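Asks: The structure under discussion is supplied below as structure tokens; questions concerning it will follow.
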Amino acid sequence: MAERDGYVGNAADVQRIARLSKAREKERQNFEERKKKIVEDNNAGVKTISEKFGSSASATFEQQFVKETIGLVTKEDFKRKRETIEELQVAQAEKERKEAAAKRAAEKKKREDEVKKKAAPKLSFSLEEESDEENGEPSADDRSESGRSTDSNSRKKKISKDPNVDTSFLPDRDREALERQEIERLKQEYLLKQQREKAEMIEVTYSYWDGTGHRRVTQVNKGTTMAKFLEQIKRELSDEFRELRSCPVDNLLYVKEDLIIPHHYSFHDLIVSKARGKSGPLFHFDVHEDVRTMADARIEKDESHAGKVVERHWYEKNKHIFPASRWEVYDPARKFEKYTIHGA
């Protein structure tokens with residue numbers, strides 16, 4: 001057994017320890033090199049970013065002031081250097097302000113020149129130029145042109161308006177004002193006409209339908225909506241038909257020519273649109289039959305049937321039974337080319 005470096009062992013152990021010590025030393029050196037390289041790369045990166053983005057003049061002056069005042073300096077030197085740096089900062093700020101103002105002024109002038117260039121008139125209607133031409137005196141442009149040309153009669157011809165051209169398609173403020181006044185006048189005239197028509201009285205023949213008909217006649221304005229009409233019918237029939245006293249208007253339906261008319265439509269709407277129902281016209285509210293003695297298939301029958309006032313719950317209960325099975329909600333987009341009184 002041998003004793004070396006405080007370790008007691010054989011020669012193989014000593015060699016193994018020596019190899020491990022060399023390996024650890026090599027790893028330590030590699031680690032130190034990598035660490036040094038990382039620090040250098042970081043310092044280089046910071047320097048690159050600083051150079052790339054730069055710094056303001058004030059920051060530069062501050063850095064210079066810090067460098068000059070590192071260490072022990074007297075109060076007077078510190079104050080003097082501080083004042084010098086502040087004066088440099090003020091001078092630099094004033095310089096930057098003047099440069100920015102000059103740049104803005106140059107850009108503004110450039111924009112104004114571009115606007116003037118775009119707005120330069122291509123047609124000349126100057127009265128002074130026309131007067132000069134009538135007096136036989138050439139304008140400034142003509143004089144310069146004649147100076148460049150040997151032929152004094154080759155003057156550029158002026159471009160002016162042609163009084164024979166139709167300009168009615170061009171914008172005209174006065175004409176447009178007159179058109180607006182005429183449109184407003186026609187609008188007011190139309191509204192007054194509509195009001196007069198809606199105020200006219202018509203006679204409506206209807207039948208309160210509870211499985212059997214109870215025909216009545218009433219008068220309303222053409223402008224009356226179905227909701228107002230049903231409210232009037234409820235007042236007229238509530239003494240005779242007690243079930244109507246507790247029935248709200250929303251639960252009453254007006255059925256005309258097998259079509260359920262929504263409450264917001266008025267009689268005037270149906271008359272103006274010449275609306276057609278499944279079994280007759282919706283714009284006749286009296287009752288009349290076709291009394292022709294000879295039938296002619298080429299001529300449509302002229303018949304009008306009494307509209308029905310129905311409670312909604314009765315309709316829901318009997319809508320699978322004729323005649324309620326034919327009823328459907330009025331749709332102005334749907335057209336009935338031929339009147340029918342049977343079928344769907």
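Identifiers for the structure tokens are assigned positionally: chains receive A, B, ... in sequence, residues are indexed from 1 per chain, and ligands are indexed from 1 in the order shown.
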Neighbours of segment 271-287 of chain A within 6 Å (only C-alpha atoms; same-chain residues fewer than 6 positions away dropped), as JSON, numbers by chain?
Replies: {"A": [204, 205, 257, 258, 304, 305, 306, 339, 340, 341]}
Asks: For Met226 of chain A, please output as a list in words all residues within 9 Å (counting only C-alpha atoms; exclusion window: fewer than 4 positions along the same chain).
Replies: Leu230, Glu231, Leu253, Tyr254, Ile261, Pro262, His263, His264, Tyr265, Ser266 and Phe267 of chain A
Asks: Just list as an MDAnalysis selection string whatever in segment 214-262 of chain A DSSP marks as strand (DSSP E).
Replies: chainID A and resid 214:221 252:256 259:260
Asks: Please indicate the distance in Å from atom CA of Lys79 of chain A to atom CA of Arg97 of chain A, rounded to one decimal place.
Replies: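 Taking atom CA of Lys79 of chain A as the start and atom CA of Arg97 of chain A as the end point, the length is 26.9 Å.
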Asks: Just give me the gap between atom CA of Val115 of chain A and atom CA of Lys103 of chain A in Å, one decimal is fine.
Replies: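 One can read the atom CA of Val115 of chain A to atom CA of Lys103 of chain A distance as 18.5 Å.
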Asks: Pick out the closest residue to Asn221 of chain A from this set: A:Val249, A:Arg180, A:Val310, A:His268. Count only C-alpha atoms.
Replies: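 Using only C-alpha atoms, the shortest distance to Asn221 of chain A belongs to A:His268.
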Asks: Could you find all residues in segment 176-323 of chain A that DSSP calls helix (DSSP H, G or I) from the backbone, and write them as a ChimeraX atom specification?
Replies: /A:176-199,226-237,242-244,249-251,267-273,312-318
Asks: Could you tell me which of A:Glu236, A:Val66, A:Val220, A:Ala199 comes closest to Phe78 of chain A if we count only C-alpha atoms?
Replies: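 Checking each of A:Glu236, A:Val66, A:Val220, A:Ala199 against Phe78 of chain A, counting only C-alpha atoms, the winner is A:Val66.
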